[in-house]
Amino acid sequence: MPTADGTDAAAAVAVPDEAAVPAAVAAPAGAAVRAESRRVVVKTGTSSLVTDGSIDPARIESLADAVADLATGGYDPVLVTSGAIALGAGELPPVAAESSAARQIAAAVGQGRLYEAFRTRLEQRGLAAAQFLLTPHDVTAEPHAASVREALGGAIAAGLVPVVNENDAIMVRNNDILAALLSAELSAGHLVLMTDVPGICETPPRPGEPARRIPRVEVLSPEAESLVWDQSGGVGTGGMTTKLCALWIGAYGGARSVITGAAEHRAVLDVVRGGDLGTVVRPCPTGTAQTGRLWRALSALPRGQVWVDSRAGHSVAAGEPVMAHHVLKTAGDFTAHDVVDVRDQDSRLLARGRTRTGAPALEAARSSPDPAEPAYAVLLAPDDYVPGPPVPGT
Ligand SMILES: Nc1ncnc2c1ncn2[C@@H]1O[C@H](COP(=O)(O)OP(=O)(O)O)[C@@H](O)[C@H]1O
Ligand SMILES: N[C@@H](CCC(=O)OP(=O)(O)O)C(=O)O
């Protein structure tokens, strides 16, 4: 397994594999696997824009250059960028930065300057930018989602570079998830999450010992999920947990999805051409273009496991509700609306989604033969789950 600490980025060369060669036209909407799409959603986190606690104009320029390289390389880039809060906070007297309102105000102060910095650099590279401030709701719920699709699609068709951030004045959530949902909604071929580590790493970096990057993981990989070593990053909002969720959403939405390092800003073009950078997840053949379903099923990591009988397996295969009376056993302290993994008797992953029934109710139903509520409740409603990825070799 190669070691990467970002210093090898400059030496990276494009090695075409399953990655995209730009097609003459964008991929058809709704395709589950669409690596041929020219659209690339690139997301950068606050940590990649900050030097010594402050937003660094040189880093903004470097990232804008990477996006411009994509455009001149024949791709249609969409930039999703964090940084408004950090920029705004630097302008304001110290306040309780932890409060939601303070973050919203800081973002309201910082967003204009953040966009202007990107716009200016893109203009120097001969590209015109267009600003979009969105929430996950805008990208997942109709009629907003269709309107977002049309507006961003129109901007791309007009040769503009969309520069997106969350509409933090309404609510600060997480740009990793927003970027992933956008990649699905826009039928992007690639989702690239830029951050302050070279990819998913086996262990945290130690002095004199660079983190060991994992070049490729399978979608919904339990091994990758077990590698998250903290629940939130430094200046970022979500840490690796939300990045993994975003990777899974991107892959299920049909994009080749990559986490890669800030040191590789200038190599984004190599990343989309298949260079050995970052951690790559291939598009998932059992994916869906329904962003609402992706949002509900995949925007959190599972809090529990549920084993079900073969009848429930048929329900998943038919896209029907999974009923609670097919549950064989549970693990984990999950409640209704948490994300759970549903497995067959051989522990193969059948589905991941938001459960309607918590573990206590399921366990109570199992230990009681009384065929009453909640045993006959819905465990997973069809719009709330995605089927597990195909088992390799089958
Ligand atoms: N297995 C892992 N590999 C790499 N980074 C990890 C891992 N587990 C947790 N992390 C953390 O995730 C952080 C990146 O997330 P975050 O700080 O939210 O970045 P951003 O601001 O780019 O969104 C890293 O700095 C690292 O501390
Ligand atoms: N939208 C906020 C940041 C939210 C966010 O997801 O932050 P990060 O984890 O740094 O990508 C901002 O512009 O500061």
# chains A, B, ... in the order shown; residues from 1 in each chain; ligands from 1
call {"tool": "residues_near_ligand", "arguments": {"ligand": "ligand 2", "cutoff": "6 Å", "atoms": "only C-alpha atoms and all ligand atoms", "output": "list of chain:residue names"}}
result
A:Gly45, A:Thr46, A:Ser47, A:Ser82, A:Gly83, A:Ala84, A:Ile85, A:Ala86, A:Ala107, A:Asn165, A:Glu166, A:Asp168, A:Arg173, A:Asn174, A:Asn175, A:Asp176, A:Gly236, A:Thr237, A:Gly238
call {"tool": "write_last_selection", "arguments": {"atoms": "all heavy atoms", "output": "short mmCIF file (atom, residue, chain, number, x, y, z; two decimals), in the first residue's frame"}}
result
data_model
loop_
_atom_site.label_atom_id
_atom_site.label_comp_id
_atom_site.auth_asym_id
_atom_site.auth_seq_id
_atom_site.Cartn_x
_atom_site.Cartn_y
_atom_site.Cartn_z
N GLY A 45 -12.66 22.01 2.09
CA GLY A 45 -13.00 22.29 3.47
C GLY A 45 -12.24 23.50 3.99
O GLY A 45 -11.24 23.93 3.40
N THR A 46 -12.72 24.01 5.11
CA THR A 46 -12.06 25.16 5.74
C THR A 46 -10.59 24.86 6.00
O THR A 46 -9.72 25.71 5.77
CB THR A 46 -12.77 25.46 7.08
OG1 THR A 46 -14.17 25.52 6.86
CG2 THR A 46 -12.29 26.77 7.67
N SER A 47 -10.31 23.64 6.44
CA SER A 47 -8.94 23.30 6.82
C SER A 47 -7.97 23.46 5.66
O SER A 47 -6.79 23.71 5.86
CB SER A 47 -8.88 21.85 7.33
OG SER A 47 -9.28 20.97 6.30
N SER A 82 -16.21 25.74 1.56
CA SER A 82 -16.41 26.23 2.92
C SER A 82 -15.45 27.40 3.12
O SER A 82 -14.69 27.75 2.24
CB SER A 82 -16.09 25.13 3.93
OG SER A 82 -16.91 24.01 3.71
N GLY A 83 -15.49 27.98 4.31
CA GLY A 83 -14.55 29.05 4.64
C GLY A 83 -15.20 30.35 5.06
O GLY A 83 -14.53 31.24 5.59
N ALA A 84 -16.52 30.48 4.81
CA ALA A 84 -17.19 31.75 5.13
C ALA A 84 -17.14 32.04 6.63
O ALA A 84 -16.91 33.19 7.05
CB ALA A 84 -18.64 31.71 4.65
N ILE A 85 -17.32 31.01 7.45
CA ILE A 85 -17.35 31.23 8.89
C ILE A 85 -15.97 31.66 9.38
O ILE A 85 -15.83 32.65 10.11
CB ILE A 85 -17.81 29.97 9.64
CG1 ILE A 85 -19.25 29.63 9.26
CG2 ILE A 85 -17.68 30.14 11.16
CD1 ILE A 85 -19.76 28.31 9.81
N ALA A 86 -14.94 30.93 8.92
CA ALA A 86 -13.58 31.28 9.35
C ALA A 86 -13.22 32.68 8.89
O ALA A 86 -12.62 33.46 9.64
CB ALA A 86 -12.59 30.26 8.79
N ALA A 107 -20.65 33.69 9.03
CA ALA A 107 -20.76 33.28 7.62
C ALA A 107 -21.34 34.41 6.77
O ALA A 107 -20.89 34.65 5.64
CB ALA A 107 -21.62 32.03 7.51
N ASN A 165 -21.84 27.45 -1.73
CA ASN A 165 -21.66 27.19 -0.29
C ASN A 165 -23.04 26.93 0.28
O ASN A 165 -24.05 27.19 -0.37
CB ASN A 165 -21.00 28.40 0.40
CG ASN A 165 -20.43 28.05 1.78
OD1 ASN A 165 -20.63 26.95 2.31
ND2 ASN A 165 -19.73 29.00 2.38
N GLU A 166 -23.03 26.37 1.48
CA GLU A 166 -24.32 26.25 2.15
C GLU A 166 -24.85 27.64 2.44
O GLU A 166 -24.07 28.57 2.67
CB GLU A 166 -24.14 25.55 3.49
CG GLU A 166 -24.08 24.08 3.38
CD GLU A 166 -23.84 23.52 4.76
OE1 GLU A 166 -22.83 23.91 5.36
OE2 GLU A 166 -24.65 22.72 5.19
N ASP A 168 -25.52 29.44 4.96
CA ASP A 168 -25.28 29.33 6.40
C ASP A 168 -26.16 30.26 7.23
O ASP A 168 -26.32 30.06 8.42
CB ASP A 168 -23.80 29.65 6.70
CG ASP A 168 -22.86 28.61 6.12
OD1 ASP A 168 -23.12 27.41 6.32
OD2 ASP A 168 -21.88 29.00 5.47
N ARG A 173 -24.66 23.47 8.33
CA ARG A 173 -24.66 22.01 8.39
C ARG A 173 -23.31 21.52 7.91
O ARG A 173 -22.31 21.73 8.57
CB ARG A 173 -25.82 21.48 7.57
CG ARG A 173 -27.04 21.25 8.43
CD ARG A 173 -27.90 20.23 7.72
NE ARG A 173 -28.77 19.53 8.62
CZ ARG A 173 -30.07 19.43 8.44
NH1 ARG A 173 -30.65 20.03 7.43
NH2 ARG A 173 -30.80 18.72 9.27
N ASN A 174 -23.27 20.93 6.72
CA ASN A 174 -21.98 20.40 6.28
C ASN A 174 -21.90 20.36 4.77
O ASN A 174 -22.77 19.82 4.10
CB ASN A 174 -21.74 19.02 6.87
CG ASN A 174 -20.36 18.55 6.51
OD1 ASN A 174 -20.18 17.86 5.53
ND2 ASN A 174 -19.38 18.98 7.28
N ASN A 175 -20.82 20.92 4.27
CA ASN A 175 -20.64 21.02 2.82
C ASN A 175 -20.25 19.69 2.17
O ASN A 175 -20.41 19.55 0.96
CB ASN A 175 -19.57 22.06 2.49
CG ASN A 175 -20.17 23.44 2.27
OD1 ASN A 175 -21.32 23.56 1.87
ND2 ASN A 175 -19.38 24.46 2.51
N ASP A 176 -19.67 18.76 2.93
CA ASP A 176 -19.34 17.46 2.33
C ASP A 176 -20.61 16.81 1.79
O ASP A 176 -20.67 16.32 0.66
CB ASP A 176 -18.70 16.52 3.36
CG ASP A 176 -17.39 17.05 3.89
OD1 ASP A 176 -16.60 17.55 3.07
OD2 ASP A 176 -17.16 16.96 5.10
N GLY A 236 -12.73 22.29 10.64
CA GLY A 236 -13.87 21.80 9.84
C GLY A 236 -15.04 21.45 10.74
O GLY A 236 -14.91 21.39 11.96
N THR A 237 -16.21 21.19 10.10
CA THR A 237 -17.40 20.94 10.91
C THR A 237 -17.69 19.46 11.12
O THR A 237 -18.31 19.09 12.09
CB THR A 237 -18.66 21.56 10.27
OG1 THR A 237 -18.82 20.98 8.98
CG2 THR A 237 -18.54 23.06 10.16
N GLY A 238 -17.28 18.63 10.19
CA GLY A 238 -17.78 17.26 10.27
C GLY A 238 -16.75 16.18 10.48
O GLY A 238 -17.09 15.07 10.86
#
call {"tool": "residues_around", "arguments": {"residues": "Val139 in chain A", "least_positions_apart": "6", "cutoff": "10 Å", "atoms": "only C-alpha atoms", "output": "short mmCIF file (atom, residue, chain, number, x, y, z; two decimals) with N, CA, C and O atoms, in the first residue's frame"}}
result
data_model
loop_
_atom_site.label_atom_id
_atom_site.label_comp_id
_atom_site.auth_asym_id
_atom_site.auth_seq_id
_atom_site.Cartn_x
_atom_site.Cartn_y
_atom_site.Cartn_z
N ALA A 145 -35.48 21.06 -5.83
CA ALA A 145 -34.38 20.33 -6.45
C ALA A 145 -34.37 20.52 -7.97
O ALA A 145 -33.31 20.74 -8.57
N ALA A 146 -35.56 20.48 -8.58
CA ALA A 146 -35.62 20.67 -10.03
C ALA A 146 -35.14 22.06 -10.40
O ALA A 146 -34.44 22.26 -11.40
N SER A 147 -35.48 23.01 -9.56
CA SER A 147 -35.10 24.39 -9.82
C SER A 147 -33.57 24.56 -9.69
O SER A 147 -32.93 25.22 -10.51
N VAL A 148 -33.00 23.89 -8.67
CA VAL A 148 -31.54 23.93 -8.49
C VAL A 148 -30.85 23.29 -9.69
O VAL A 148 -29.87 23.81 -10.24
N ARG A 149 -31.39 22.14 -10.12
CA ARG A 149 -30.83 21.42 -11.26
C ARG A 149 -30.83 22.32 -12.51
O ARG A 149 -29.84 22.41 -13.22
N LEU A 178 -23.54 18.28 1.27
CA LEU A 178 -24.17 19.10 0.22
C LEU A 178 -23.49 18.84 -1.13
O LEU A 178 -24.17 18.67 -2.15
N ALA A 179 -22.16 18.79 -1.12
CA ALA A 179 -21.43 18.56 -2.38
C ALA A 179 -21.80 17.20 -2.96
O ALA A 179 -22.00 17.05 -4.18
N LEU A 181 -24.58 15.43 -2.48
CA LEU A 181 -25.95 15.47 -3.00
C LEU A 181 -26.00 16.20 -4.34
O LEU A 181 -26.69 15.78 -5.27
N LEU A 182 -25.22 17.27 -4.43
CA LEU A 182 -25.18 18.02 -5.70
C LEU A 182 -24.61 17.16 -6.81
O LEU A 182 -25.07 17.22 -7.96
N ALA A 184 -24.92 14.07 -7.22
CA ALA A 184 -26.00 13.19 -7.70
C ALA A 184 -27.04 13.97 -8.48
O ALA A 184 -27.47 13.57 -9.57
N GLU A 185 -27.42 15.10 -7.94
CA GLU A 185 -28.49 15.90 -8.58
C GLU A 185 -28.05 16.41 -9.94
O GLU A 185 -28.86 16.54 -10.86
N LEU A 186 -26.75 16.69 -10.09
CA LEU A 186 -26.24 17.23 -11.36
C LEU A 186 -25.71 16.15 -12.28
O LEU A 186 -25.11 16.44 -13.31
N THR A 291 -32.06 11.97 -4.83
CA THR A 291 -31.22 12.57 -3.79
C THR A 291 -31.90 12.53 -2.41
O THR A 291 -31.22 12.44 -1.40
N GLY A 292 -33.23 12.58 -2.39
CA GLY A 292 -33.92 12.50 -1.10
C GLY A 292 -33.63 11.18 -0.42
O GLY A 292 -33.37 11.10 0.78
N TRP A 295 -30.05 11.11 0.80
CA TRP A 295 -29.93 11.96 1.99
C TRP A 295 -30.42 11.22 3.23
O TRP A 295 -29.77 11.18 4.25
#
call {"tool": "closest_residue", "arguments": {"among": "A:Met194, A:Ala106, A:Leu152, A:Val322", "to": "ligand 1", "atoms": "only C-alpha atoms and all ligand atoms"}}
result
A:Met194
call {"tool": "closest_atom_pairs", "arguments": {"of": "range 239-316 of chain A", "to": "range 204-225 of chain A", "cutoff": "12 Å", "atoms": "only C-alpha atoms", "output": "JSON lines"}}
result
{"residue": "A:Met240", "atom": "CA", "partner": "A:Glu225", "partner_atom": "CA", "distance": 9.1}
{"residue": "A:Thr241", "atom": "CA", "partner": "A:Glu225", "partner_atom": "CA", "distance": 7.7}
{"residue": "A:Thr242", "atom": "CA", "partner": "A:Glu225", "partner_atom": "CA", "distance": 10.6}
{"residue": "A:Lys243", "atom": "CA", "partner": "A:Glu225", "partner_atom": "CA", "distance": 10.4}
{"residue": "A:Leu244", "atom": "CA", "partner": "A:Glu225", "partner_atom": "CA", "distance": 7.3}
{"residue": "A:Cys245", "atom": "CA", "partner": "A:Leu220", "partner_atom": "CA", "distance": 8.6}
{"residue": "A:Ala246", "atom": "CA", "partner": "A:Val219", "partner_atom": "CA", "distance": 10.8}
{"residue": "A:Leu247", "atom": "CA", "partner": "A:Val219", "partner_atom": "CA", "distance": 7.8}
{"residue": "A:Trp248", "atom": "CA", "partner": "A:Val219", "partner_atom": "CA", "distance": 5.8}
{"residue": "A:Ile249", "atom": "CA", "partner": "A:Val219", "partner_atom": "CA", "distance": 9.2}
{"residue": "A:Gly250", "atom": "CA", "partner": "A:Val219", "partner_atom": "CA", "distance": 9.7}
{"residue": "A:Ala251", "atom": "CA", "partner": "A:Val219", "partner_atom": "CA", "distance": 6.9}
{"residue": "A:Tyr252", "atom": "CA", "partner": "A:Val219", "partner_atom": "CA", "distance": 8.1}
{"residue": "A:Gly253", "atom": "CA", "partner": "A:Val219", "partner_atom": "CA", "distance": 11.4}
{"residue": "A:Gly254", "atom": "CA", "partner": "A:Val219", "partner_atom": "CA", "distance": 11.5}
{"residue": "A:Ala255", "atom": "CA", "partner": "A:Val219", "partner_atom": "CA", "distance": 11.5}
{"residue": "A:Arg256", "atom": "CA", "partner": "A:Val219", "partner_atom": "CA", "distance": 10.5}
{"residue": "A:Ser257", "atom": "CA", "partner": "A:Val219", "partner_atom": "CA", "distance": 9.6}
{"residue": "A:Val258", "atom": "CA", "partner": "A:Arg216", "partner_atom": "CA", "distance": 8.8}
{"residue": "A:Ile259", "atom": "CA", "partner": "A:Pro215", "partner_atom": "CA", "distance": 9.6}
{"residue": "A:Thr260", "atom": "CA", "partner": "A:Arg213", "partner_atom": "CA", "distance": 9.6}
{"residue": "A:Gly261", "atom": "CA", "partner": "A:Arg213", "partner_atom": "CA", "distance": 10.2}
{"residue": "A:Val271", "atom": "CA", "partner": "A:Pro215", "partner_atom": "CA", "distance": 11.5}
{"residue": "A:Gly274", "atom": "CA", "partner": "A:Pro215", "partner_atom": "CA", "distance": 11.1}
{"residue": "A:Gly275", "atom": "CA", "partner": "A:Pro215", "partner_atom": "CA", "distance": 10.3}
{"residue": "A:Asp276", "atom": "CA", "partner": "A:Pro215", "partner_atom": "CA", "distance": 7.1}
{"residue": "A:Leu277", "atom": "CA", "partner": "A:Pro215", "partner_atom": "CA", "distance": 7.0}
{"residue": "A:Gly278", "atom": "CA", "partner": "A:Pro215", "partner_atom": "CA", "distance": 5.9}
{"residue": "A:Thr279", "atom": "CA", "partner": "A:Pro215", "partner_atom": "CA", "distance": 4.4}
{"residue": "A:Val280", "atom": "CA", "partner": "A:Arg216", "partner_atom": "CA", "distance": 4.6}
{"residue": "A:Val281", "atom": "CA", "partner": "A:Val217", "partner_atom": "CA", "distance": 5.6}
{"residue": "A:Arg282", "atom": "CA", "partner": "A:Glu218", "partner_atom": "CA", "distance": 7.3}
{"residue": "A:Pro283", "atom": "CA", "partner": "A:Val219", "partner_atom": "CA", "distance": 8.1}
{"residue": "A:Cys284", "atom": "CA", "partner": "A:Val219", "partner_atom": "CA", "distance": 7.0}
{"residue": "A:Pro285", "atom": "CA", "partner": "A:Val219", "partner_atom": "CA", "distance": 10.4}
{"residue": "A:Thr286", "atom": "CA", "partner": "A:Val219", "partner_atom": "CA", "distance": 10.7}
{"residue": "A:Gly287", "atom": "CA", "partner": "A:Val219", "partner_atom": "CA", "distance": 10.5}
{"residue": "A:Ala297", "atom": "CA", "partner": "A:Leu220", "partner_atom": "CA", "distance": 11.5}
{"residue": "A:Leu298", "atom": "CA", "partner": "A:Leu220", "partner_atom": "CA", "distance": 9.3}
{"residue": "A:Ser299", "atom": "CA", "partner": "A:Leu220", "partner_atom": "CA", "distance": 11.9}
{"residue": "A:Ala300", "atom": "CA", "partner": "A:Glu225", "partner_atom": "CA", "distance": 11.1}
{"residue": "A:Leu301", "atom": "CA", "partner": "A:Glu225", "partner_atom": "CA", "distance": 7.9}
{"residue": "A:Pro302", "atom": "CA", "partner": "A:Glu225", "partner_atom": "CA", "distance": 9.5}
{"residue": "A:Arg303", "atom": "CA", "partner": "A:Glu225", "partner_atom": "CA", "distance": 11.6}
{"residue": "A:Gln305", "atom": "CA", "partner": "A:Pro222", "partner_atom": "CA", "distance": 11.8}
call {"tool": "closest_residue", "arguments": {"among": "A:Leu49, A:Leu79, A:Ile55, A:Ala289", "to": "ligand 1", "atoms": "only C-alpha atoms and all ligand atoms"}}
result
A:Leu49
call {"tool": "select_by_dssp", "arguments": {"residues": "range 168-380 of chain A", "states": "alpha helix (DSSP H)", "output": "NGL selection string"}}
result
:A and (175-185 or 222-226 or 239-252 or 268-272 or 291-298 or 310-317 or 359-367)
call {"tool": "select_by_dssp", "arguments": {"residues": "range 261-358 of chain A", "states": "strand (DSSP E)", "output": "ChimeraX atom specification"}}
result
/A:261,279-281,304-308,322-323,327-331,339-343,349-354
call {"tool": "closest_residue", "arguments": {"among": "A:Gln131, A:Ser99, A:Ser183, A:Thr203", "to": "Ser37 in chain A", "atoms": "only C-alpha atoms"}}
result
A:Ser183
call {"tool": "residues_around", "arguments": {"residues": "Ala158 in chain A", "least_positions_apart": "3", "cutoff": "12 Å", "atoms": "only C-alpha atoms", "output": "MDAnalysis selection string"}}
result
chainID A and resid 76 127:130 150:155 161:162
call {"tool": "write_last_selection", "arguments": {"atoms": "N, CA and C atoms", "output": "PDB file, in the first residue's frame"}}
result
ATOM      1  N   ASP A  76     -16.445  20.222 -16.718  1.00  0.00           N
ATOM      2  CA  ASP A  76     -17.342  21.271 -16.243  1.00  0.00           C
ATOM      3  C   ASP A  76     -17.302  21.272 -14.718  1.00  0.00           C
ATOM      4  N   LEU A 127     -12.277  32.854 -16.624  1.00  0.00           N
ATOM      5  CA  LEU A 127     -13.543  32.169 -16.353  1.00  0.00           C
ATOM      6  C   LEU A 127     -14.477  33.064 -15.541  1.00  0.00           C
ATOM      7  N   ALA A 128     -15.768  32.989 -15.844  1.00  0.00           N
ATOM      8  CA  ALA A 128     -16.754  33.752 -15.075  1.00  0.00           C
ATOM      9  C   ALA A 128     -17.408  32.835 -14.046  1.00  0.00           C
ATOM     10  N   ALA A 129     -17.591  33.348 -12.835  1.00  0.00           N
ATOM     11  CA  ALA A 129     -18.175  32.548 -11.749  1.00  0.00           C
ATOM     12  C   ALA A 129     -19.625  32.939 -11.515  1.00  0.00           C
ATOM     13  N   ALA A 130     -20.371  32.042 -10.864  1.00  0.00           N
ATOM     14  CA  ALA A 130     -21.753  32.334 -10.479  1.00  0.00           C
ATOM     15  C   ALA A 130     -21.977  31.751  -9.089  1.00  0.00           C
ATOM     16  N   GLU A 150     -31.945  22.985 -12.701  1.00  0.00           N
ATOM     17  CA  GLU A 150     -32.081  23.838 -13.880  1.00  0.00           C
ATOM     18  C   GLU A 150     -31.131  25.029 -13.814  1.00  0.00           C
ATOM     19  N   ALA A 151     -31.072  25.659 -12.638  1.00  0.00           N
ATOM     20  CA  ALA A 151     -30.244  26.867 -12.508  1.00  0.00           C
ATOM     21  C   ALA A 151     -28.762  26.524 -12.640  1.00  0.00           C
ATOM     22  N   LEU A 152     -28.323  25.494 -11.930  1.00  0.00           N
ATOM     23  CA  LEU A 152     -26.903  25.142 -12.033  1.00  0.00           C
ATOM     24  C   LEU A 152     -26.575  24.573 -13.407  1.00  0.00           C
ATOM     25  N   GLY A 153     -27.475  23.746 -13.913  1.00  0.00           N
ATOM     26  CA  GLY A 153     -27.265  23.199 -15.260  1.00  0.00           C
ATOM     27  C   GLY A 153     -27.175  24.319 -16.287  1.00  0.00           C
ATOM     28  N   GLY A 154     -28.037  25.313 -16.130  1.00  0.00           N
ATOM     29  CA  GLY A 154     -28.021  26.446 -17.059  1.00  0.00           C
ATOM     30  C   GLY A 154     -26.726  27.230 -16.951  1.00  0.00           C
ATOM     31  N   ALA A 155     -26.256  27.410 -15.718  1.00  0.00           N
ATOM     32  CA  ALA A 155     -25.002  28.146 -15.517  1.00  0.00           C
ATOM     33  C   ALA A 155     -23.840  27.396 -16.166  1.00  0.00           C
ATOM     34  N   VAL A 161     -18.662  29.023 -13.978  1.00  0.00           N
ATOM     35  CA  VAL A 161     -18.233  28.096 -12.933  1.00  0.00           C
ATOM     36  C   VAL A 161     -19.092  28.369 -11.694  1.00  0.00           C
ATOM     37  N   PRO A 162     -20.023  27.453 -11.355  1.00  0.00           N
ATOM     38  CA  PRO A 162     -20.793  27.651 -10.129  1.00  0.00           C
ATOM     39  C   PRO A 162     -19.886  27.562  -8.897  1.00  0.00           C
TER      40      PRO A 162
END
call {"tool": "atom_distance", "arguments": {"atom1": "CA of Arg113 in chain A", "atom2": "CA of Asp65 in chain A"}}
result
17.7 Å
call {"tool": "closest_residue", "arguments": {"among": "A:Thr44, A:Val67, A:Glu363, A:Arg356", "to": "Val197 in chain A", "atoms": "only C-alpha atoms"}}
result
A:Thr44
call {"tool": "atom_distance", "arguments": {"atom1": "CA of Ala64 in chain A", "atom2": "atom 5 (N, counted along the ligand's line) of ligand 1"}}
result
23.5 Å
call {"tool": "atom_distance", "arguments": {"atom1": "CA of Thr357 in chain A", "atom2": "CA of Val378 in chain A"}}
result
7.0 Å
call {"tool": "closest_residue", "arguments": {"among": "A:Leu92, A:Ala169, A:Val50, A:Leu362", "to": "ligand 1", "atoms": "only C-alpha atoms and all ligand atoms"}}
result
A:Val50
call {"tool": "closest_residue", "arguments": {"among": "A:Gln345, A:Thr81, A:Thr72, A:Thr120", "to": "ligand 1", "atoms": "only C-alpha atoms and all ligand atoms"}}
result
A:Thr81
